[in-house]
file upload33.txt (compact mmCIF, C-alpha atoms)
# COMPACT_ATOMS: atom_id res chain seq x y z
CA MET A 1 108.83 111.80 109.46
CA ASP A 2 112.55 111.33 110.07
CA TRP A 3 113.68 108.12 108.39
CA CYS A 4 116.32 106.92 110.79
CA HIS A 5 116.16 107.83 114.48
CA SER A 6 119.05 105.63 115.59
CA THR A 7 122.64 106.74 115.97
CA LEU A 8 124.47 106.83 112.63
CA HIS A 9 127.70 105.14 111.70
CA ARG A 10 130.26 106.60 109.36
CA LYS A 11 131.06 103.17 107.94
CA SER A 12 128.95 102.06 104.98
CA ILE A 13 125.75 100.27 105.95
CA LEU A 14 126.27 97.76 103.17
CA PRO A 15 127.84 94.46 104.37
CA SER A 16 129.92 92.07 102.29
CA LYS A 17 128.18 89.33 100.31
CA GLN A 18 129.32 86.68 102.83
CA GLU A 19 128.17 88.81 105.75
CA ARG A 20 124.82 89.47 104.04
CA SER A 21 124.29 85.74 103.52
CA ILE A 22 125.01 84.95 107.17
CA GLN A 23 122.92 87.88 108.37
CA GLN A 24 119.97 86.95 106.21
CA LYS A 25 119.99 83.35 107.46
CA ASP A 26 120.16 84.58 111.05
CA ILE A 27 117.34 87.04 110.43
CA GLN A 28 115.17 84.36 108.86
CA MET A 29 115.70 81.93 111.75
CA THR A 30 115.13 84.59 114.39
CA LYS A 31 111.89 85.75 112.87
CA MET A 32 110.61 82.27 112.17
CA THR A 33 111.21 81.12 115.77
CA LYS A 34 110.47 84.25 117.78
CA LEU A 35 107.86 86.17 115.80
CA PHE A 36 105.94 83.72 113.67
CA ALA A 37 104.22 82.02 116.59
CA ALA A 38 102.97 85.38 117.88
CA ALA A 39 101.81 86.78 114.56
CA THR A 40 98.33 86.67 113.11
CA THR A 41 98.38 84.47 110.03
CA MET A 42 96.11 84.18 107.06
CA ALA A 43 92.61 82.91 107.87
CA PHE A 44 90.16 81.47 105.41
CA VAL A 45 86.68 81.11 106.88
CA GLY A 46 83.42 79.96 105.33
CA THR A 47 82.12 77.60 102.74
CA ALA A 48 83.17 76.97 99.16
CA SER A 49 80.56 79.43 97.99
CA MET A 50 81.45 82.23 100.44
CA ALA A 51 85.02 82.55 101.78
CA GLU A 52 86.48 85.41 103.82
CA THR A 53 90.20 86.19 103.73
CA LYS A 54 91.71 88.18 106.58
CA TRP A 55 95.04 89.91 106.07
CA ASP A 56 97.23 92.01 108.36
CA LEU A 57 99.12 95.03 106.99
CA THR A 58 101.88 96.50 109.14
CA THR A 59 103.06 100.08 108.76
CA ALA A 60 105.84 101.76 110.73
CA TRP A 61 103.96 105.03 110.82
CA GLY A 62 101.36 106.43 113.20
CA ALA A 63 97.71 107.18 112.48
CA ASN A 64 98.39 110.83 111.56
CA ASN A 65 100.97 109.96 108.91
CA PHE A 66 99.83 110.20 105.30
CA HIS A 67 101.33 106.80 104.42
CA ALA A 68 99.32 105.13 107.18
CA GLN A 69 96.20 107.01 106.15
CA SER A 70 96.67 105.88 102.55
CA ALA A 71 97.01 102.26 103.72
CA VAL A 72 93.76 102.54 105.68
CA ALA A 73 91.99 104.05 102.66
CA PHE A 74 93.26 101.19 100.50
CA ALA A 75 92.14 98.56 103.01
CA ASP A 76 88.70 100.15 103.22
CA ALA A 77 88.39 100.19 99.43
CA VAL A 78 89.42 96.54 99.15
CA ARG A 79 86.89 95.52 101.79
CA SER A 80 84.15 97.45 100.01
CA GLU A 81 84.94 96.40 96.45
CA THR A 82 85.28 92.70 97.35
CA ASN A 83 82.06 92.81 99.40
CA GLY A 84 84.06 91.85 102.47
CA SER A 85 85.64 88.73 101.01
CA VAL A 86 89.10 90.28 101.59
CA ASP A 87 89.39 92.08 104.91
CA ILE A 88 92.68 93.94 105.52
CA THR A 89 93.49 95.21 109.01
CA VAL A 90 96.09 97.99 109.12
CA HIS A 91 98.37 97.87 112.19
CA MET A 92 100.07 101.14 113.08
CA SER A 93 103.59 101.67 114.41
CA GLY A 94 104.70 98.96 116.82
CA GLU A 95 101.40 97.11 116.98
CA THR A 96 102.65 93.85 115.44
CA GLY A 97 106.17 93.85 116.91
CA VAL A 98 107.68 93.94 113.41
CA LYS A 99 110.55 96.43 113.40
CA ILE A 100 110.90 99.08 110.71
CA THR A 101 113.88 97.21 109.20
CA GLU A 102 112.12 93.82 109.28
CA LYS A 103 109.23 94.49 106.90
CA LEU A 104 110.70 92.61 103.94
CA THR A 105 111.27 89.44 105.96
CA ALA A 106 107.98 89.71 107.84
CA VAL A 107 106.00 89.56 104.60
CA GLU A 108 108.30 86.94 103.10
CA VAL A 109 107.74 84.38 105.84
CA GLY A 110 104.09 85.22 106.43
CA ILE A 111 104.31 86.95 109.81
CA VAL A 112 102.01 89.47 108.16
CA GLN A 113 100.44 89.26 104.73
CA MET A 114 101.17 92.88 103.80
CA ALA A 115 103.53 95.70 104.78
CA ASP A 116 104.09 99.36 104.08
CA MET A 117 107.89 99.60 104.04
CA LEU A 118 110.44 102.33 103.44
CA LEU A 119 112.69 100.69 100.87
CA PHE A 120 116.11 101.88 101.93
CA LEU A 121 115.53 100.58 105.45
CA GLN A 122 115.41 97.06 103.97
CA ALA A 123 118.85 97.46 102.35
CA GLY A 124 120.47 95.24 104.97
CA GLU A 125 118.80 92.29 103.26
CA GLU A 126 118.73 93.65 99.70
CA PRO A 127 121.45 96.30 99.18
CA PHE A 128 119.93 97.53 95.91
CA LEU A 129 117.02 98.93 97.92
CA GLY A 130 119.34 101.63 99.28
CA VAL A 131 119.80 103.16 95.83
CA ASP A 132 117.09 105.81 96.17
CA THR A 133 119.05 107.57 98.93
CA LEU A 134 121.81 108.55 96.47
CA PRO A 135 121.97 112.35 96.24
CA TYR A 136 121.05 113.98 92.94
CA LEU A 137 119.51 110.72 91.65
CA ILE A 138 115.76 111.25 92.17
CA GLN A 139 114.63 114.85 92.61
CA GLY A 140 110.88 115.29 92.78
CA GLN A 141 107.86 113.21 91.85
CA ASP A 142 108.30 113.54 88.09
CA GLU A 143 111.74 111.96 88.32
CA MET A 144 110.43 109.34 90.75
CA LYS A 145 107.92 108.24 88.11
CA VAL A 146 110.72 107.79 85.58
CA TRP A 147 112.85 105.97 88.14
CA LEU A 148 110.10 103.47 88.89
CA GLU A 149 109.57 102.86 85.18
CA VAL A 150 113.27 102.05 84.73
CA ALA A 151 113.90 100.27 88.02
CA GLY A 152 110.50 98.55 88.21
CA PRO A 153 111.66 95.20 86.77
CA THR A 154 114.56 95.09 89.25
CA TYR A 155 112.23 95.79 92.15
CA ASP A 156 109.88 93.08 90.88
CA GLU A 157 112.72 90.54 90.82
CA ILE A 158 113.84 91.48 94.33
CA PHE A 159 110.41 91.20 95.86
CA GLU A 160 109.65 87.97 94.02
CA ARG A 161 112.82 86.50 95.53
CA HIS A 162 111.32 87.40 98.87
CA ASN A 163 107.94 85.79 98.16
CA GLN A 164 105.99 89.01 97.60
CA LYS A 165 104.90 91.55 95.06
CA VAL A 166 104.49 95.33 95.13
CA LEU A 167 100.95 96.66 94.92
CA TYR A 168 101.90 100.33 94.88
CA PHE A 169 104.66 102.85 95.66
CA VAL A 170 104.32 106.23 97.40
CA PRO A 171 107.21 108.74 97.66
CA TRP A 172 108.19 110.72 100.71
CA PRO A 173 108.70 114.49 100.52
CA SER A 174 112.35 115.32 99.85
CA PRO A 175 114.74 116.41 102.61
CA GLY A 176 116.13 119.91 103.03
CA VAL A 177 118.23 121.77 105.61
CA TYR A 178 117.10 123.81 108.61
CA THR A 179 119.62 126.43 109.62
CA LYS A 180 119.90 129.67 111.59
CA ASP A 181 121.41 131.55 108.63
CA PRO A 182 120.27 131.16 104.99
CA VAL A 183 121.88 128.46 102.87
CA VAL A 184 121.71 129.60 99.26
CA SER A 185 125.15 129.44 97.59
CA ALA A 186 127.90 126.81 97.43
CA ASN A 187 129.86 128.23 100.37
CA ASP A 188 126.96 128.80 102.75
CA MET A 189 127.07 125.28 104.18
CA GLU A 190 130.80 125.37 104.91
CA GLY A 191 131.49 124.14 108.43
CA LEU A 192 127.85 124.02 109.54
CA ARG A 193 127.13 121.34 112.13
CA ILE A 194 124.10 119.71 110.52
CA ARG A 195 122.36 116.70 112.02
CA SER A 196 122.05 114.03 109.30
CA PHE A 197 119.33 111.38 109.18
CA ASN A 198 121.23 108.38 107.77
CA ALA A 199 124.71 107.33 106.65
CA THR A 200 124.18 108.54 103.08
CA SER A 201 123.05 112.01 104.15
CA PHE A 202 126.07 112.19 106.48
CA THR A 203 128.47 111.54 103.59
CA PHE A 204 126.62 113.94 101.29
CA LEU A 205 126.64 116.79 103.78
CA GLU A 206 130.33 116.19 104.40
CA LYS A 207 131.03 116.43 100.66
CA MET A 208 129.02 119.66 100.60
CA GLY A 209 131.43 121.17 103.13
CA ALA A 210 129.28 120.83 106.23
CA ALA A 211 130.34 119.17 109.48
CA PRO A 212 127.56 116.58 109.83
CA VAL A 213 126.60 115.36 113.28
CA GLU A 214 125.43 111.97 114.50
CA LEU A 215 122.57 112.61 116.88
CA PRO A 216 119.46 110.69 117.99
CA PHE A 217 116.37 112.41 116.71
CA GLU A 218 114.85 112.87 120.15
CA GLU A 219 117.88 115.00 121.12
CA LEU A 220 117.70 117.24 118.04
CA ALA A 221 115.53 120.10 119.31
CA THR A 222 117.52 120.40 122.54
CA ALA A 223 120.84 120.37 120.67
CA VAL A 224 119.75 123.08 118.23
CA ALA A 225 118.36 125.21 121.04
CA ALA A 226 121.61 124.85 122.98
CA GLY A 227 123.77 125.64 119.96
CA THR A 228 125.46 122.23 119.96
CA VAL A 229 124.43 121.87 116.33
CA ASP A 230 123.60 124.55 113.78
CA GLY A 231 120.68 122.82 112.15
CA ALA A 232 119.27 119.63 110.72
CA ALA A 233 118.71 117.82 107.46
CA THR A 234 115.20 116.39 107.29
CA SER A 235 111.82 116.81 105.63
CA THR A 236 109.20 119.50 106.05
CA SER A 237 107.06 116.96 107.91
CA THR A 238 109.68 116.30 110.56
CA GLY A 239 110.64 119.95 110.81
CA ALA A 240 107.07 121.06 111.42
CA GLU A 241 106.27 118.24 113.85
CA ALA A 242 109.50 118.82 115.81
CA LYS A 243 108.84 122.59 115.76
CA LEU A 244 112.31 123.33 114.44
CA TYR A 245 111.04 126.84 113.66
CA GLN A 246 111.50 127.57 117.37
CA PHE A 247 115.27 127.17 117.01
CA THR A 248 116.10 127.86 113.33
CA ASP A 249 115.04 130.67 111.02
CA ASN A 250 115.65 129.26 107.56
CA PHE A 251 114.73 126.21 105.51
CA ASN A 252 116.08 125.31 102.08
CA PRO A 253 114.25 122.39 100.39
CA LEU A 254 117.42 121.22 98.66
CA ASN A 255 115.50 118.30 97.19
CA TRP A 256 118.63 116.19 96.85
CA SER A 257 116.87 112.83 96.99
CA MET A 258 113.46 111.19 97.15
CA SER A 259 112.67 107.82 98.70
CA PRO A 260 109.55 105.70 98.29
CA ASP A 261 107.53 103.45 100.52
CA ALA A 262 106.25 100.24 98.91
CA VAL A 263 103.13 98.35 99.93
CA THR A 264 103.70 94.65 99.27
CA VAL A 265 101.73 91.43 99.65
CA ASN A 266 102.88 87.89 100.37
CA LEU A 267 102.67 85.79 97.20
CA ASP A 268 101.22 82.75 98.94
CA ALA A 269 98.39 84.90 100.28
CA TRP A 270 97.99 86.62 96.91
CA ASN A 271 97.84 83.37 94.94
CA ALA A 272 95.25 81.94 97.35
CA LEU A 273 92.75 84.59 96.24
CA THR A 274 90.29 84.12 93.43
CA ASP A 275 91.06 85.66 90.04
CA GLU A 276 88.28 88.18 90.61
CA GLU A 277 89.69 89.24 93.99
CA ARG A 278 93.19 89.66 92.60
CA ASP A 279 91.90 91.71 89.66
CA THR A 280 89.89 93.93 92.01
CA ILE A 281 92.79 94.56 94.41
CA GLN A 282 95.25 95.28 91.61
CA ARG A 283 92.77 97.65 89.94
CA LEU A 284 92.32 99.54 93.21
CA ALA A 285 96.08 99.77 93.72
CA ASP A 286 96.54 101.16 90.22
CA GLU A 287 93.68 103.62 90.56
CA MET A 288 94.45 104.87 94.07
CA GLU A 289 98.22 105.23 93.72
CA ALA A 290 97.87 108.67 92.11
CA ASP A 291 95.77 109.87 95.06
CA PHE A 292 98.42 108.63 97.47
CA TRP A 293 101.13 110.51 95.57
CA ALA A 294 98.96 113.63 95.72
CA ALA A 295 98.66 113.15 99.48
CA SER A 296 102.47 113.13 99.72
CA ALA A 297 102.70 116.39 97.76
CA ALA A 298 99.94 117.92 99.88
CA GLU A 299 101.79 116.88 103.03
CA ASP A 300 104.89 118.75 101.86
CA GLU A 301 102.88 121.86 100.98
CA ALA A 302 100.94 121.85 104.25
CA LYS A 303 104.03 121.42 106.39
CA THR A 304 105.89 124.12 104.43
CA ALA A 305 102.96 126.45 105.15
CA ILE A 306 103.27 125.69 108.87
CA LEU A 307 106.96 126.59 108.76
CA VAL A 308 106.20 129.91 107.04
CA GLU A 309 103.33 130.68 109.41
CA ASN A 310 105.77 130.28 112.28
CA GLY A 311 108.24 132.76 110.87
CA MET A 312 110.62 130.62 108.85
CA THR A 313 112.16 131.93 105.63
CA ILE A 314 112.17 129.51 102.69
CA SER A 315 115.35 129.82 100.59
CA PHE A 316 116.36 128.10 97.36
CA ALA A 317 119.71 126.96 96.00
CA ASP A 318 121.44 129.16 93.44
CA ASP A 319 123.36 127.71 90.48
CA SER A 320 126.61 127.36 92.43
CA LEU A 321 124.94 125.29 95.16
CA LYS A 322 123.09 123.15 92.61
CA ALA A 323 126.36 122.43 90.81
CA LYS A 324 128.05 121.46 94.07
CA MET A 325 125.16 119.13 94.91
CA ALA A 326 125.41 117.44 91.52
CA GLU A 327 129.17 116.94 91.87
CA ALA A 328 128.88 115.55 95.40
CA GLY A 329 125.95 113.31 94.50
CA LYS A 330 127.49 111.75 91.42
CA SER A 331 130.72 110.96 93.25
CA MET A 332 128.61 108.89 95.64
CA TRP A 333 127.00 106.96 92.79
CA ASP A 334 130.35 105.41 91.89
CA ASP A 335 130.94 104.36 95.49
CA PHE A 336 127.53 102.71 95.57
CA PHE A 337 128.23 100.81 92.34
CA GLU A 338 131.35 99.30 93.89
CA SER A 339 129.24 97.84 96.69
CA VAL A 340 126.15 97.06 94.59
CA PRO A 341 127.35 96.44 90.99
CA GLU A 342 123.88 95.45 89.77
CA ALA A 343 122.70 99.01 90.38
CA GLN A 344 124.97 100.59 87.79
CA ALA A 345 123.09 99.56 84.64
CA VAL A 346 119.77 100.61 86.16
CA VAL A 347 121.07 104.00 87.28
CA GLU A 348 122.78 104.67 83.95
CA ALA A 349 119.62 103.82 82.02
CA TYR A 350 117.65 106.16 84.26
CA ALA A 351 120.28 108.93 84.00
CA GLU A 352 120.06 108.74 80.21
CA ARG A 353 116.29 109.16 80.38
CA THR A 354 116.49 112.16 82.71
CA GLY A 355 119.57 113.89 81.31
CA LYS A 356 121.63 113.42 84.46
call {"tool": "encode", "arguments": {"input": "upload33.txt", "output": "structure tokens"}}
result
Amino acid sequence: MDWCHSTLHRKSILPSKQERSIQQKDIQMTKMTKLFAAATTMAFVGTASMAETKWDLTTAWGANNFHAQSAVAFADAVRSETNGSVDITVHMSGETGVKITEKLTAVEVGIVQMADMLLFLQAGEEPFLGVDTLPYLIQGQDEMKVWLEVAGPTYDEIFERHNQKVLYFVPWPSPGVYTKDPVVSANDMEGLRIRSFNATSFTFLEKMGAAPVELPFEELATAVAAGTVDGAATSTSTGAEAKLYQFTDNFNPLNWSMSPDAVTVNLDAWNALTDEERDTIQRLADEMEADFWAASAAEDEAKTAILVENGMTISFADDSLKAKMAEAGKSMWDDFFESVPEAQAVVEAYAERTGK
């Protein structure tokens, strides 16, 4: 899955504090007036002895996506373990009218009771949530676990401010680069016209010596085939689904970042449950999270296998390329701290834990 299909902008996506305040108020009013009336809200049906709670969970992903499948598995488990007293309906991409960047607000105001949201796409409302896109910060699931241990309290505070709590996190596979010629050493990316998937990846590729390109995702395959661009930066999932192996011969899983989805629940809905229901749902979230992470890893492995089966060569960065990635990535950390000062202490604590 490509994380940002819209046209990119070179300018930072992070607005000023005054602009963020105005934007957030506008967003809140828009959603309250235009979406709330059309949304399905929490329903409590039955007697004092037997109540049924119906929740809606929106995900931006389609039925074949592993995140959506994990959400369905979780909903099924909740329904079973609560004997139907909590019934969660998972709505796939576009079904509720909640946009991919509106998940945080949609849960906050009760348009839906739950959402599966890609964190950095909510950074317009909470800039800290863009931190996981920083190159060289989180590389692989082991580092993601450490990151969530360190940053967990900050995430909790953010979501509590927005009237919700996180039930579980699931990481995406890391992005790499698809190219016609192998990218292995520090100089191999020099001048390559690589389609980037968001503003951060654009800046990172530029610092790596590439000539990143702003291009809508739906135009990618045609552009690569025509030679307008030399390749693309995206995940194994997107590369396999878009059949980039028809136009490029090499893939390097540079693993420069890792971003998580979070599944959250509205606090008003959560607090309306019985203690037993809350304990059951939280237990299931804790128990099933590891399976969902395994599904993410399996997705990466399966899609890599598809690339290889279709003739692609998998290359890996040598020491010179790894060093260049680290230098480029860390220079972007400082820029992020200037825009989001509260991120610095969290990142530094994490970097100390991981030796970065």
call {"tool": "closest_atom_pairs", "arguments": {"input": "upload33.txt", "of": "segment 260-302 of chain A", "to": "segment 307-324 of chain A", "cutoff": "12 Å", "atoms": "only C-alpha atoms", "output": "Markdown table"}}
result
| residue | atom | partner | partner_atom | distance |
| --- | --- | --- | --- | --- |
| A:Asp300 | CA | A:Leu307 | CA | 10.6 |
| A:Glu301 | CA | A:Leu307 | CA | 10.0 |
| A:Ala302 | CA | A:Leu307 | CA | 8.9 |
call {"tool": "closest_atom_pairs", "arguments": {"input": "upload33.txt", "of": "segment 287-348 of chain A", "to": "segment 146-158 of chain A", "cutoff": "10 Å", "atoms": "all atoms listed in the file", "output": "tab-separated table"}}
result
residue	atom	partner	partner_atom	distance
A:Glu342	CA	A:Thr154	CA	9.3
A:Ala343	CA	A:Thr154	CA	9.1
A:Ala345	CA	A:Ala151	CA	9.8
A:Val346	CA	A:Ala151	CA	6.2
A:Val347	CA	A:Ala151	CA	8.1
A:Glu348	CA	A:Val150	CA	9.9
call {"tool": "residues_around", "arguments": {"input": "upload33.txt", "residues": "segment 234-249 of chain A", "least_positions_apart": "3", "cutoff": "7 Å", "atoms": "all atoms listed in the file", "output": "list in words"}}
result
Met1, Asp2, Pro173, Ser174, Pro175, Gly176, Val177, Tyr178, Thr179, Lys180, Asp181, Phe197, Ala221, Val224, Ala225, Gly231, Asp300, Lys303, Thr304, Ile306, Leu307, Asn310, Met312 and Thr313 of chain A
call {"tool": "closest_residue", "arguments": {"input": "upload33.txt", "among": "A:Pro341, A:Trp172, A:Ala285, A:Leu118", "to": "Ala298 of chain A", "atoms": "all atoms listed in the file"}}
result
A:Trp172
call {"tool": "residues_around", "arguments": {"input": "upload33.txt", "residues": "segment 75-85 of chain A", "least_positions_apart": "4", "cutoff": "9 Å", "atoms": "all atoms listed in the file", "output": "PyMOL selection string"}}
result
chain A and resi 50-54+57+70-71+89-90+276-277+280-281+284
call {"tool": "atom_distance", "arguments": {"input": "upload33.txt", "atom1": "atom CA of Ser331 of chain A", "atom2": "atom CA of Val229 of chain A"}}
result
26.3 Å
call {"tool": "atom_distance", "arguments": {"input": "upload33.txt", "atom1": "atom CA of Leu137 of chain A", "atom2": "atom CA of Glu125 of chain A"}}
result
21.8 Å
call {"tool": "residues_around", "arguments": {"input": "upload33.txt", "residues": "Ala60 of chain A", "least_positions_apart": "6", "cutoff": "7 Å", "atoms": "all atoms listed in the file", "output": "MDAnalysis selection string"}}
result
chainID A and resid 92:94 100
call {"tool": "decode", "arguments": {"input": "upload33.txt", "residues": "segment 291-320 of chain A", "atoms": "N, CA and C atoms", "output": "short mmCIF file (atom, residue, chain, number, x, y, z; two decimals), in the first residue's frame"}}
result
data_model
loop_
_atom_site.label_atom_id
_atom_site.label_comp_id
_atom_site.auth_asym_id
_atom_site.auth_seq_id
_atom_site.Cartn_x
_atom_site.Cartn_y
_atom_site.Cartn_z
N ASP A 291 0.07 -11.29 16.70
CA ASP A 291 -0.35 -11.94 15.46
C ASP A 291 -0.46 -10.93 14.32
N PHE A 292 -0.91 -9.73 14.64
CA PHE A 292 -1.05 -8.69 13.61
C PHE A 292 0.32 -8.23 13.12
N TRP A 293 1.29 -8.15 14.03
CA TRP A 293 2.65 -7.81 13.62
C TRP A 293 3.23 -8.92 12.74
N ALA A 294 2.94 -10.15 13.08
CA ALA A 294 3.41 -11.28 12.27
C ALA A 294 2.79 -11.22 10.87
N ALA A 295 1.54 -10.79 10.79
CA ALA A 295 0.88 -10.66 9.49
C ALA A 295 1.57 -9.60 8.65
N SER A 296 2.04 -8.53 9.27
CA SER A 296 2.77 -7.49 8.55
C SER A 296 4.08 -8.04 7.99
N ALA A 297 4.81 -8.80 8.82
CA ALA A 297 6.07 -9.40 8.37
C ALA A 297 5.81 -10.41 7.25
N ALA A 298 4.75 -11.18 7.39
CA ALA A 298 4.41 -12.17 6.36
C ALA A 298 4.04 -11.50 5.05
N GLU A 299 3.36 -10.34 5.15
CA GLU A 299 3.01 -9.58 3.96
C GLU A 299 4.27 -9.17 3.20
N ASP A 300 5.26 -8.68 3.92
CA ASP A 300 6.51 -8.25 3.31
C ASP A 300 7.21 -9.44 2.63
N GLU A 301 7.26 -10.56 3.32
CA GLU A 301 7.92 -11.75 2.77
C GLU A 301 7.18 -12.26 1.53
N ALA A 302 5.86 -12.30 1.60
CA ALA A 302 5.08 -12.82 0.47
C ALA A 302 5.22 -11.93 -0.75
N LYS A 303 5.18 -10.61 -0.53
CA LYS A 303 5.28 -9.70 -1.67
C LYS A 303 6.70 -9.69 -2.24
N THR A 304 7.71 -9.86 -1.38
CA THR A 304 9.08 -9.98 -1.88
C THR A 304 9.21 -11.21 -2.75
N ALA A 305 8.59 -12.31 -2.33
CA ALA A 305 8.62 -13.54 -3.12
C ALA A 305 7.99 -13.33 -4.50
N ILE A 306 6.92 -12.57 -4.55
CA ILE A 306 6.26 -12.28 -5.83
C ILE A 306 7.21 -11.50 -6.74
N LEU A 307 7.92 -10.53 -6.16
CA LEU A 307 8.88 -9.76 -6.96
C LEU A 307 9.95 -10.67 -7.55
N VAL A 308 10.49 -11.58 -6.72
CA VAL A 308 11.54 -12.48 -7.17
C VAL A 308 11.01 -13.44 -8.24
N GLU A 309 9.81 -13.96 -8.01
CA GLU A 309 9.20 -14.89 -8.97
C GLU A 309 9.02 -14.24 -10.33
N ASN A 310 8.89 -12.93 -10.34
CA ASN A 310 8.69 -12.21 -11.59
C ASN A 310 9.97 -11.58 -12.12
N GLY A 311 11.09 -12.10 -11.65
CA GLY A 311 12.37 -11.77 -12.25
C GLY A 311 13.14 -10.63 -11.64
N MET A 312 12.66 -10.08 -10.53
CA MET A 312 13.39 -8.96 -9.92
C MET A 312 14.57 -9.46 -9.10
N THR A 313 15.64 -8.66 -9.10
CA THR A 313 16.81 -8.93 -8.28
C THR A 313 16.71 -8.10 -7.00
N ILE A 314 16.91 -8.75 -5.87
CA ILE A 314 16.87 -8.06 -4.58
C ILE A 314 18.31 -7.71 -4.19
N SER A 315 18.60 -6.42 -4.03
CA SER A 315 19.93 -5.95 -3.65
C SER A 315 19.88 -5.36 -2.25
N PHE A 316 21.06 -5.24 -1.63
CA PHE A 316 21.14 -4.69 -0.28
C PHE A 316 22.23 -3.64 -0.21
N ALA A 317 22.02 -2.66 0.66
CA ALA A 317 22.95 -1.53 0.78
C ALA A 317 24.28 -1.98 1.36
N ASP A 318 25.38 -1.49 0.77
CA ASP A 318 26.68 -1.73 1.37
C ASP A 318 26.94 -0.68 2.45
N ASP A 319 28.11 -0.72 3.06
CA ASP A 319 28.40 0.17 4.19
C ASP A 319 28.37 1.64 3.78
N SER A 320 28.82 1.93 2.56
CA SER A 320 28.85 3.34 2.13
C SER A 320 27.44 3.89 1.99
#
